[in-house]
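Note: the block below is structure39.txt and it holds compact mmCIF, C-alpha atoms.
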```
# COMPACT_ATOMS: atom_id res chain seq x y z
CA MET A 1 14.92 16.59 18.23
CA THR A 2 11.46 15.52 17.10
CA THR A 3 8.10 15.85 18.74
CA ALA A 4 5.89 12.81 18.66
CA SER A 5 2.14 12.67 18.44
CA THR A 6 0.67 12.01 21.85
CA SER A 7 -2.31 9.91 20.91
CA PRO A 8 -1.59 6.18 21.06
CA TYR A 9 -4.37 5.70 18.50
CA LYS A 10 -2.74 8.00 15.94
CA LEU A 11 0.64 6.29 16.06
CA ALA A 12 0.06 3.78 13.33
CA SER A 13 0.90 0.22 14.22
CA ALA A 14 2.98 -1.92 11.88
CA ARG A 15 -0.12 -4.00 11.21
CA ASP A 16 -2.08 -0.94 10.05
CA LEU A 17 0.76 0.21 7.82
CA PHE A 18 0.77 -3.25 6.28
CA ALA A 19 -3.04 -3.11 5.87
CA LEU A 20 -2.60 0.20 4.03
CA THR A 21 -0.86 -1.70 1.20
CA LYS A 22 -4.02 -3.80 0.52
CA PRO A 23 -2.23 -7.16 0.81
CA ARG A 24 -5.10 -9.10 -0.80
CA VAL A 25 -5.03 -6.99 -3.95
CA MET A 26 -1.24 -7.21 -3.89
CA SER A 27 -1.38 -11.01 -4.11
CA LEU A 28 -2.92 -10.78 -7.60
CA VAL A 29 -0.35 -8.14 -8.60
CA ILE A 30 2.53 -10.34 -7.40
CA PHE A 31 1.09 -13.36 -9.16
CA THR A 32 0.64 -11.65 -12.53
CA ALA A 33 4.08 -10.02 -12.24
CA ILE A 34 5.71 -13.40 -11.57
CA CYS A 35 3.85 -14.84 -14.55
CA GLY A 36 5.03 -12.00 -16.79
CA LEU A 37 8.56 -12.55 -15.56
CA MET A 38 8.46 -16.32 -16.06
CA ALA A 39 6.73 -16.17 -19.44
CA ALA A 40 9.31 -13.80 -20.89
CA PRO A 41 11.95 -15.25 -23.21
CA GLY A 42 15.42 -15.22 -21.72
CA SER A 43 16.61 -15.68 -18.18
CA ILE A 44 17.04 -13.55 -15.10
CA HIS A 45 19.21 -14.22 -12.06
CA PRO A 46 16.96 -15.42 -9.18
CA ILE A 47 18.18 -12.59 -6.90
CA ILE A 48 17.39 -9.96 -9.55
CA GLY A 49 14.05 -11.66 -10.31
CA PHE A 50 13.17 -11.63 -6.62
CA THR A 51 14.16 -7.95 -6.39
CA ALA A 52 11.97 -7.13 -9.41
CA ILE A 53 8.94 -8.81 -7.80
CA LEU A 54 9.73 -7.09 -4.49
CA ALA A 55 9.86 -3.68 -6.21
CA ILE A 56 6.58 -4.33 -8.05
CA SER A 57 4.94 -5.41 -4.76
CA LEU A 58 6.23 -2.31 -2.96
CA GLY A 59 5.02 -0.13 -5.82
CA ALA A 60 1.57 -1.72 -5.65
CA GLY A 61 1.53 -1.22 -1.87
CA ALA A 62 2.54 2.42 -2.32
CA SER A 63 -0.28 2.98 -4.82
CA ALA A 64 -2.76 1.45 -2.40
CA ALA A 65 -1.52 3.69 0.45
CA LEU A 66 -1.86 6.81 -1.71
CA ASN A 67 -5.30 5.65 -2.82
CA GLN A 68 -6.45 5.31 0.81
CA TRP A 69 -4.86 8.64 1.74
CA TYR A 70 -6.99 10.37 -0.90
CA GLU A 71 -10.16 8.33 -0.44
CA HIS A 72 -10.42 8.47 3.35
CA ASP A 73 -13.75 10.33 3.08
CA ILE A 74 -15.50 7.86 0.77
CA ASP A 75 -13.97 4.86 2.55
CA ALA A 76 -15.63 6.07 5.75
CA VAL A 77 -19.16 5.83 4.30
CA MET A 78 -18.80 2.41 2.69
CA LYS A 79 -19.33 -0.64 4.88
CA ARG A 80 -16.68 -2.66 3.00
CA THR A 81 -13.98 -0.03 3.63
CA ALA A 82 -15.03 1.67 6.88
CA GLY A 83 -12.73 -0.59 8.93
CA ARG A 84 -9.56 0.50 7.08
CA PRO A 85 -6.91 2.27 9.21
CA LEU A 86 -7.74 5.83 8.05
CA PRO A 87 -11.55 5.88 8.24
CA ALA A 88 -11.39 3.86 11.49
CA GLY A 89 -9.19 6.63 12.99
CA ARG A 90 -6.22 4.38 13.77
CA MET A 91 -3.87 6.43 11.58
CA ASP A 92 -3.60 10.06 10.50
CA ARG A 93 -3.62 11.02 6.81
CA GLU A 94 -0.13 12.50 6.92
CA THR A 95 1.35 9.14 7.92
CA ALA A 96 -0.42 7.43 5.01
CA LEU A 97 0.82 10.07 2.56
CA HIS A 98 4.42 9.89 3.78
CA PHE A 99 4.31 6.10 3.75
CA GLY A 100 2.88 6.03 0.20
CA VAL A 101 5.28 8.58 -1.27
CA GLY A 102 8.31 7.05 0.50
CA LEU A 103 7.43 3.55 -0.66
CA SER A 104 6.82 4.78 -4.25
CA VAL A 105 10.23 6.43 -4.49
CA PHE A 106 11.99 3.48 -2.89
CA SER A 107 10.30 0.87 -5.13
CA VAL A 108 11.16 2.75 -8.34
CA LEU A 109 14.78 3.34 -7.29
CA LEU A 110 15.16 -0.28 -6.24
CA MET A 111 13.84 -1.45 -9.61
CA GLY A 112 16.06 0.96 -11.54
CA VAL A 113 19.26 0.26 -9.67
CA ALA A 114 18.90 -3.52 -9.31
CA VAL A 115 16.95 -4.54 -12.44
CA ASN A 116 16.70 -2.03 -15.31
CA TRP A 117 15.40 1.50 -15.87
CA LEU A 118 12.74 0.56 -18.42
CA SER A 119 10.88 -1.57 -15.85
CA ALA A 120 11.48 1.20 -13.27
CA ALA A 121 9.92 3.76 -15.64
CA ILE A 122 6.86 1.55 -16.26
CA LEU A 123 6.55 0.96 -12.50
CA ALA A 124 6.71 4.71 -11.83
CA PHE A 125 4.08 5.36 -14.49
CA SER A 126 1.79 2.64 -13.08
CA ILE A 127 1.97 4.21 -9.59
CA PHE A 128 1.22 7.64 -11.08
CA PHE A 129 -1.61 6.17 -13.15
CA TYR A 130 -3.30 4.51 -10.15
CA ALA A 131 -2.74 7.29 -7.62
CA VAL A 132 -3.35 10.35 -9.80
CA ILE A 133 -5.22 9.41 -13.00
CA TYR A 134 -7.50 6.78 -11.42
CA THR A 135 -7.85 7.77 -7.76
CA ILE A 136 -7.72 11.56 -7.92
CA TRP A 137 -9.09 12.25 -11.40
CA LEU A 138 -11.28 9.49 -12.85
CA LYS A 139 -12.86 7.61 -9.99
CA ARG A 140 -15.08 10.45 -8.86
CA SER A 141 -15.70 12.01 -12.26
CA THR A 142 -16.66 9.32 -14.78
CA PRO A 143 -18.52 5.99 -14.82
CA GLN A 144 -15.69 4.77 -17.06
CA ASN A 145 -13.43 4.98 -13.98
CA ILE A 146 -12.97 1.23 -13.72
CA VAL A 147 -12.28 0.79 -17.45
CA ILE A 148 -9.43 3.30 -17.65
CA GLY A 149 -8.27 2.77 -14.06
CA GLY A 150 -8.02 -0.94 -14.77
CA ALA A 151 -4.89 -0.15 -16.77
CA ALA A 152 -3.04 0.42 -13.51
CA GLY A 153 -3.62 -3.18 -12.49
CA ALA A 154 -2.59 -4.39 -15.94
CA PHE A 155 0.99 -3.15 -15.70
CA PRO A 156 2.59 -5.83 -13.41
CA PRO A 157 3.04 -8.57 -16.08
CA VAL A 158 4.48 -5.95 -18.46
CA ILE A 159 6.94 -4.84 -15.78
CA GLY A 160 7.84 -8.47 -15.03
CA TRP A 161 8.45 -9.06 -18.74
CA ALA A 162 10.52 -5.88 -19.11
CA ALA A 163 12.59 -6.90 -16.07
CA VAL A 164 13.79 -9.98 -18.00
CA THR A 165 14.03 -8.74 -21.57
CA GLY A 166 14.61 -5.00 -21.15
CA ASP A 167 11.96 -4.31 -23.80
CA VAL A 168 8.21 -4.48 -24.42
CA THR A 169 6.95 -6.57 -27.36
CA LEU A 170 3.46 -7.63 -28.52
CA MET A 171 3.13 -10.47 -25.98
CA PRO A 172 3.34 -8.28 -22.83
CA VAL A 173 0.96 -5.84 -24.53
CA LEU A 174 -1.53 -8.70 -24.92
CA LEU A 175 -1.04 -9.64 -21.24
CA PHE A 176 -1.79 -6.00 -20.43
CA ALA A 177 -4.91 -6.13 -22.62
CA ILE A 178 -6.15 -9.31 -20.92
CA ILE A 179 -6.12 -7.68 -17.45
CA PHE A 180 -7.39 -4.38 -18.88
CA PHE A 181 -10.49 -5.98 -20.45
CA TRP A 182 -10.96 -8.40 -17.54
CA THR A 183 -11.27 -5.53 -15.05
CA PRO A 184 -14.67 -4.04 -16.10
CA PRO A 185 -16.64 -7.33 -15.96
CA HIS A 186 -14.87 -8.24 -12.69
CA PHE A 187 -15.57 -4.95 -10.89
CA TRP A 188 -18.97 -4.24 -12.38
CA ALA A 189 -20.19 -7.70 -11.31
CA LEU A 190 -19.15 -6.69 -7.77
CA ALA A 191 -20.60 -3.19 -8.16
CA LEU A 192 -23.96 -4.66 -9.19
CA PHE A 193 -24.48 -6.49 -5.91
CA VAL A 194 -22.87 -3.84 -3.67
CA ASN A 195 -24.51 -1.03 -5.63
CA SER A 196 -26.01 0.69 -2.60
CA ASP A 197 -22.58 1.18 -1.01
CA TYR A 198 -21.16 2.97 -4.06
CA SER A 199 -24.30 5.13 -4.32
CA LYS A 200 -23.92 6.16 -0.70
CA ALA A 201 -20.30 7.20 -1.34
CA GLY A 202 -21.30 9.17 -4.46
CA ILE A 203 -18.95 7.25 -6.75
CA PRO A 204 -20.22 7.27 -10.35
CA MET A 205 -19.92 3.52 -10.70
CA MET A 206 -21.52 2.27 -13.92
CA PRO A 207 -24.58 0.63 -12.26
CA VAL A 208 -25.27 3.86 -10.35
CA VAL A 209 -25.02 6.16 -13.38
CA ALA A 210 -26.05 4.08 -16.39
CA GLY A 211 -28.27 1.60 -14.58
CA ARG A 212 -28.07 -2.14 -14.12
CA LYS A 213 -29.40 -3.04 -17.58
CA SER A 214 -26.70 -1.07 -19.40
CA THR A 215 -23.96 -2.37 -17.06
CA ARG A 216 -25.02 -5.96 -17.66
CA ARG A 217 -24.93 -5.44 -21.43
CA GLN A 218 -21.45 -3.91 -21.17
CA ILE A 219 -20.22 -6.84 -19.04
CA ALA A 220 -21.31 -9.22 -21.82
CA GLY A 221 -19.63 -7.00 -24.42
CA TYR A 222 -16.35 -6.77 -22.54
CA SER A 223 -16.28 -10.56 -22.09
CA LEU A 224 -16.13 -10.91 -25.90
CA ILE A 225 -13.19 -8.50 -26.18
CA LEU A 226 -11.50 -10.30 -23.28
CA THR A 227 -11.94 -13.64 -25.06
CA ALA A 228 -10.35 -12.23 -28.22
CA CYS A 229 -7.36 -10.93 -26.23
CA ALA A 230 -6.98 -14.13 -24.17
CA VAL A 231 -6.98 -16.40 -27.22
CA ALA A 232 -4.78 -14.08 -29.35
CA PRO A 233 -1.38 -15.26 -28.00
CA PHE A 234 -2.24 -18.83 -29.05
CA ALA A 235 -3.86 -17.82 -32.34
CA MET A 236 -0.78 -15.78 -33.26
CA GLY A 237 1.56 -18.66 -32.45
CA MET A 238 3.17 -17.03 -29.42
CA THR A 239 2.15 -19.82 -27.02
CA GLY A 240 1.58 -23.57 -27.17
CA ALA A 241 -1.47 -25.80 -26.78
CA VAL A 242 -1.45 -25.78 -22.95
CA TYR A 243 -2.19 -22.08 -22.89
CA GLY A 244 -4.39 -22.25 -25.99
CA VAL A 245 -6.76 -24.93 -24.69
CA THR A 246 -6.90 -23.32 -21.22
CA ALA A 247 -7.62 -19.88 -22.69
CA ILE A 248 -10.38 -21.19 -24.96
CA VAL A 249 -12.12 -23.24 -22.23
CA LEU A 250 -11.84 -20.53 -19.54
CA SER A 251 -12.89 -17.73 -21.88
CA LEU A 252 -15.90 -19.74 -23.06
CA ALA A 253 -16.99 -20.20 -19.42
CA PHE A 254 -16.34 -16.51 -18.69
CA THR A 255 -18.41 -15.45 -21.70
CA LEU A 256 -21.28 -17.78 -20.76
CA LEU A 257 -21.33 -16.44 -17.17
CA SER A 258 -21.15 -12.86 -18.51
CA PHE A 259 -24.06 -13.43 -20.88
CA ARG A 260 -26.01 -14.94 -17.97
CA VAL A 261 -25.42 -11.62 -16.21
CA GLY A 262 -26.33 -9.82 -19.46
CA VAL A 263 -29.80 -11.37 -19.58
CA SER A 264 -30.42 -11.19 -15.84
CA ARG A 265 -33.09 -8.74 -14.68
CA THR A 266 -32.71 -9.22 -10.91
CA GLU A 267 -32.96 -5.98 -8.94
CA ASN A 268 -32.42 -7.46 -5.46
CA PRO A 269 -28.65 -7.54 -4.70
CA SER A 270 -28.93 -10.58 -2.42
CA ALA A 271 -30.58 -12.57 -5.23
CA MET A 272 -27.94 -11.72 -7.85
CA GLN A 273 -26.51 -15.21 -8.19
CA ALA A 274 -25.30 -14.72 -11.78
CA GLU A 275 -23.30 -11.62 -10.78
CA LYS A 276 -21.83 -13.35 -7.72
CA HIS A 277 -20.84 -16.39 -9.79
CA LEU A 278 -19.18 -14.19 -12.41
CA PHE A 279 -17.29 -12.21 -9.77
CA LYS A 280 -15.94 -15.38 -8.11
CA PHE A 281 -15.13 -17.04 -11.43
CA SER A 282 -13.36 -13.94 -12.74
CA ILE A 283 -10.73 -14.30 -10.00
CA VAL A 284 -10.22 -17.99 -10.79
CA TYR A 285 -10.13 -17.11 -14.50
CA LEU A 286 -7.22 -14.70 -14.23
CA PHE A 287 -5.18 -16.92 -11.90
CA ALA A 288 -5.71 -20.01 -14.09
CA LEU A 289 -5.04 -18.19 -17.37
CA PHE A 290 -1.71 -16.78 -16.18
CA ALA A 291 -0.73 -20.07 -14.53
CA ALA A 292 -1.39 -21.79 -17.88
CA LEU A 293 0.84 -19.24 -19.60
CA VAL A 294 3.73 -20.08 -17.27
CA ALA A 295 3.10 -23.84 -17.56
CA ASP A 296 3.02 -23.50 -21.33
CA ARG A 297 6.30 -21.60 -21.39
CA MET A 298 7.95 -24.19 -19.11
CA ILE A 299 6.77 -27.06 -21.30
CA PHE A 300 7.40 -25.56 -24.75
CA ALA A 301 10.40 -23.29 -24.09
CA MET B 1 16.14 12.09 20.56
CA SER B 2 12.37 12.35 20.57
CA LYS B 3 10.14 13.70 23.27
CA ILE B 4 6.43 13.56 23.91
CA ASP B 5 4.90 17.02 23.42
CA SER B 6 3.19 19.07 26.09
CA LYS B 7 -0.18 17.40 25.50
CA ASN B 8 1.46 14.33 27.02
CA ALA B 9 -0.10 15.31 30.31
CA ALA B 10 -3.41 14.10 28.93
CA MET B 11 -2.01 10.62 28.48
CA THR B 12 -2.85 8.07 31.10
CA PRO B 13 -0.11 5.62 32.14
CA GLU B 14 -1.92 2.89 30.20
CA GLU B 15 -2.04 5.01 27.05
CA GLN B 16 1.63 5.88 27.42
CA LYS B 17 2.45 2.19 27.82
CA ALA B 18 0.48 1.33 24.68
CA TYR B 19 2.20 4.16 22.79
CA GLN B 20 5.64 2.98 23.79
CA ALA B 21 4.76 -0.63 22.93
CA LYS B 22 3.78 0.48 19.42
CA GLN B 23 6.99 2.48 19.07
CA LYS B 24 9.03 -0.53 20.19
CA GLN B 25 7.25 -2.86 17.78
CA ARG B 26 7.76 -0.47 14.86
CA ALA B 27 11.43 -0.01 15.71
CA ALA B 28 11.99 -3.78 15.85
CA ILE B 29 10.31 -4.27 12.45
CA MET B 30 12.28 -1.39 10.95
CA ALA B 31 15.53 -2.93 12.22
CA GLY B 32 14.56 -6.26 10.65
CA LEU B 33 13.71 -4.59 7.32
CA LEU B 34 16.99 -2.66 7.27
CA PHE B 35 18.94 -5.84 7.95
CA PHE B 36 17.04 -7.60 5.14
CA LEU B 37 17.88 -4.75 2.74
CA VAL B 38 21.57 -4.85 3.69
CA VAL B 39 21.66 -8.57 2.86
CA LEU B 40 19.65 -8.06 -0.35
CA PHE B 41 21.92 -5.28 -1.62
CA TYR B 42 24.98 -7.35 -0.72
CA PHE B 43 23.75 -10.15 -3.03
CA ILE B 44 22.59 -7.74 -5.75
CA THR B 45 26.08 -6.22 -5.80
CA PHE B 46 27.63 -9.67 -6.22
CA VAL B 47 25.29 -10.54 -9.09
CA LYS B 48 25.95 -7.21 -10.82
CA ILE B 49 29.74 -7.51 -10.45
CA ASN B 50 29.68 -11.13 -11.68
CA SER B 51 27.58 -10.28 -14.72
CA SER B 52 29.82 -7.36 -15.66
CA ILE B 53 32.95 -9.54 -15.38
CA SER B 54 31.55 -12.43 -17.46
```

Translate the structure of the given file into structure tokens.
Amino acid sequence: MTTASTSPYKLASARDLFALTKPRVMSLVIFTAICGLMAAPGSIHPIIGFTAILAISLGAGASAALNQWYEHDIDAVMKRTAGRPLPAGRMDRETALHFGVGLSVFSVLLMGVAVNWLSAAILAFSIFFYAVIYTIWLKRSTPQNIVIGGAAGAFPPVIGWAAVTGDVTLMPVLLFAIIFFWTPPHFWALALFVNSDYSKAGIPMMPVVAGRKSTRRQIAGYSLILTACAVAPFAMGMTGAVYGVTAIVLSLAFTLLSFRVGVSRTENPSAMQAEKHLFKFSIVYLFALFAALVADRMIFA
Amino acid sequence: MSKIDSKNAAMTPEEQKAYQAKQKQRAAIMAGLLFFLVVLFYFITFVKINSSIS
């Protein structure tokens, strides 16, 4: 016999449990995982492929739930996150923790049993990395939080690749590197124009700790490393011209927008057009680059 | 079987109705998810058996 909570506001609705998985962030995870899966040499049965993507999505949702369980205090003071189920008081922390842990275990077991144990191991490590290394350890202690934490978001294409091939070669490592080096310019561009919110929450985001000038210089620097990683698969003969041309054109645009941010001196967040353009373009950049990779594979395979 | 604890007295009929509606909605979604998983594992089993035979 169980005893239920009496408050109707503390019994989480299905909608709030779904919101806990950060569905918008998950869409990028699903997309890059599908691209990793489709770009890999070899074939996978559609049912197994679908199960692999489902497990990756559930793992990403679990990470997001654990992240919100731990960050309920800082979410409450930031305008962007104050409406989430935990800070808004529509769900208790215990529910979020149980949901996150349960979903993590289920996603890893599903991946291991239905696909293979290498992709399950990488999925388990990515959940651990995001929930423990990024959320609990790095986010509140170092301005490099986004750089190292970005690795968590870079795992999905590697998992997708490993689901098909059962191994990890140089190509999925480069896909990992692309997302890894894309993350700092993407998030720091956002952090520059929502700087006040991060300051209020006491998160040592780069613009808060090192200042805007240093952050802008680092954005420009990271865009060069990103370009090198994005063009590498073509330069090393691992992809065809479709990906190569797309990577060169997109990376050139990304670098130009990043250097525009690098030379910007605007202090007023609402006037930070260069930062806003870079943030919006960075999303298009990643989607288009990975779509080109899949198109390239379909054409040249 | 579950029961509402003693603090239930503080619940108004409207609150109780909203609580039960949420419970019902969650139960329906859980039933749907379980059914989906049964079907998914059924197909996964077929694929695994087929691949081990061939």

Taking all atoms listed in the file into account, which of A:Leu138, A:Ile47, A:Val105, A:Ala288 comes nearest Val39 in chain B?
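Checking each candidate against Val39 in chain B, we get A:Ile47 as the closest.
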
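If you look at CA of Tyr198 in chain A and CA of Ala76 in chain A, they are 11.7 Å away from each other.
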
In terms of the shortest atom-to-atom distance over all atoms listed in the file, which of A:Thr135, A:Ala201, A:Pro172, A:Leu11 is closest to Gln16 in chain B?
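Among A:Thr135, A:Ala201, A:Pro172, A:Leu11, it is A:Leu11 that comes nearest to Gln16 in chain B.
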
Residue list as an MDAnalysis selection string for point (5.1, 6.0, 1.2), cut-off 12 Å, all atoms listed in the file:
chainID A and resid 17:18 20:21 58:69 93:108 127 131

Could you tell me how far CA of Glu267 in chain A lies from CA of Phe281 in chain A, in Å and to one decimal?
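Taking CA of Glu267 in chain A and CA of Phe281 in chain A, their separation equals 21.1 Å.
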
Taking (0.1, -1.5, 20.0) in the file's coordinates as the center, which residues reach within 10 Å of it, counting all atoms listed in the file, put as JSON, numbers by chain?
{"A": [8, 9, 11, 12, 13, 14, 15], "B": [15, 17, 18, 19, 20, 21, 22, 23, 24, 25, 26]}

For Thr246 in chain A, work out the shell of residues within 10 Å, counting all atoms listed in the file and skipping chain neighbours fewer than 3 positions away, then give it as a list in words.
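My list of contacting residues is Ala230, Val231, Ala241, Val242, Tyr243, Val249, Leu250, Ser251, Leu252, Tyr285, Ala288, Leu289, Phe290, Ala291, Ala292, Leu293 and Asp296 of chain A.
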
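CA of Leu170 in chain A is found 10.5 Å from CA of Ala232 in chain A.
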
Give the answer as one residue: which of B:Ser54, B:Ile49, B:Leu33, B:Leu40 has the shortest atom-to-atom distance to Phe50 in chain A, using all atoms listed in the file?
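Distance minimum relative to Phe50 in chain A lands on B:Leu40.
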
Using only C-alpha atoms, pick whichever of A:Leu190, A:Leu286, A:Met238, A:Ile219 has the shortest atom-to-atom distance to Gln273 in chain A.
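Distance minimum relative to Gln273 in chain A lands on A:Leu190.
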
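With all atoms listed in the file as the basis for measurement, B:Met11 is the residue among B:Phe36, B:Ser52, B:Met11, B:Ala31 that approaches chain A most closely.
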
Might you pull out every residue within 10 Å of Lys213 in chain A, with only C-alpha atoms counted and same-chain residues fewer than 4 positions away left off, and present them as a PyMOL selection string?
chain A and resi 207+217-218+261-267
